[in-house]
Structure formats: structure tokens, C-alpha cells
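Accompanying notes for the structure given below.
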Amino acid sequence: MTAYDPNDVTLTREDWVADQARRYESSGGTEGTDMKGAPCLLLDYLGRKSGTWHRTVLIYGRDGEDYLIVASKGGAPTNPLWFDSLVEHPEVHLRVGTERFAARAEVLSAQDKARVWPHLLEVWPPYADYQKKTDRDIPVVRLRRAG
């Protein structure tokens, strides 16, 4: 397992997401912070196979002080790679705007997901279409600030 260094992470393979992650980070969290009006955060997570730190950009919602992310992968039949890594290594690092902090990831129960899902659809309405496109139940992950 590699020690965490926010300046030594592997960016997602998706070019447009990697470009947004670079802009978000290089601006200190003042640019690239949304996608079509929806708020975005940077998620740094430990790869379950590689043991190295990776970074992606994700739309988020809120539940009190916690952040919520959706493992939608656009309605693909499988979960995104970052999700499988979070299940195995729930200790993550976030940049939300100008703030960077450690957090812990937790997959929501069906009951908790049902409670927050309407809010997440307000943040990003396409989640409803993504769920219709796939047979899997799209997971929602709570990110709670560490400490």
C-alpha cells in the first residue's frame, strides 16, 4: 500500500474526467467544481488491485454534514472500479471546493438510499435514467469526514 500524497495520484482513464480533475486540483478547488450545474468533488482512493492512489471527479449530494456519491457508471451493468476499491479500502481523501480532508466511505443500506435518493435526483436527474438502464441496484456511498 502506497502512502497518500495528493500530488502523486493516478488520474482516471477517462480523458474528460482527468482534464476536469487537473483543472479542479491546479486551481486549488476554484475551477472545475461542477458538471452542468451539479456540484463535484475530487475523490482520491486506494486501488484495490494496484495498491496505489487514484483520483476521479464525482457529482455529490449532501446528507447533513456527509457527502453522497452515486456509483452509477451511467447505468452500465457493472459498478465503477472506484466503487469496488472503496468497499475494500474505505479510507479516502476528498477535495470539495478549496478544502481537502480525509473521509471514510460507507455503502448505504436500501433504507438509507431510499431516503436520500430523491435529493440525489434533484442534484442530477439523469440518475433516474441510469437506474432504468441497468438491472443492478445502483449503490450510494456516504463519505463522512474523518476525525
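The way I read the labels, and the way they are meant: chains A, B, ... in the order of the C-alpha cells, residue 1 as the first residue of every chain, and ligand 1 as the first ligand shown, with later ones counted on from there.
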Contact residues around segment 66-82 of chain A with only C-alpha atoms at 7 Å, ignoring same-chain residues under 4 positions, as a list in words: Leu58, Ile59, Tyr60, Gly61, Arg62, Leu86, Tyr130, Gln131, Lys133, Thr134, Asp135, Arg136, Ile138, Pro139, Val140, Val141, Arg142, Leu143 and Arg144 of chain A
Which of chain A fall in strand (DSSP E), as number ranges by chain: A: 10-11, 34-35, 38-46, 53-59, 61-63, 66-70, 91-96, 99-107, 140-145
For Gly97 of chain A: contacts at 8 Å, only C-alpha atoms, fewer than 2 positions along chain excluded, given as a list in words: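 Residues near the query, excluding close chain neighbours: Gly28, Gly29, Thr30, Thr33, Leu41, Arg95 and Glu99 of chain A.
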Atom CA of Leu42 of chain A to atom CA of Ala114 of chain A, distance in Å rounded to a single decimal: 24.8 Å
Neighbour list for Asp44 of chain A as an MDAnalysis selection string, cut-off 7 Å, only C-alpha atoms, skip fewer than 6 positions in-chain: chainID A and resid 53:56 92:94
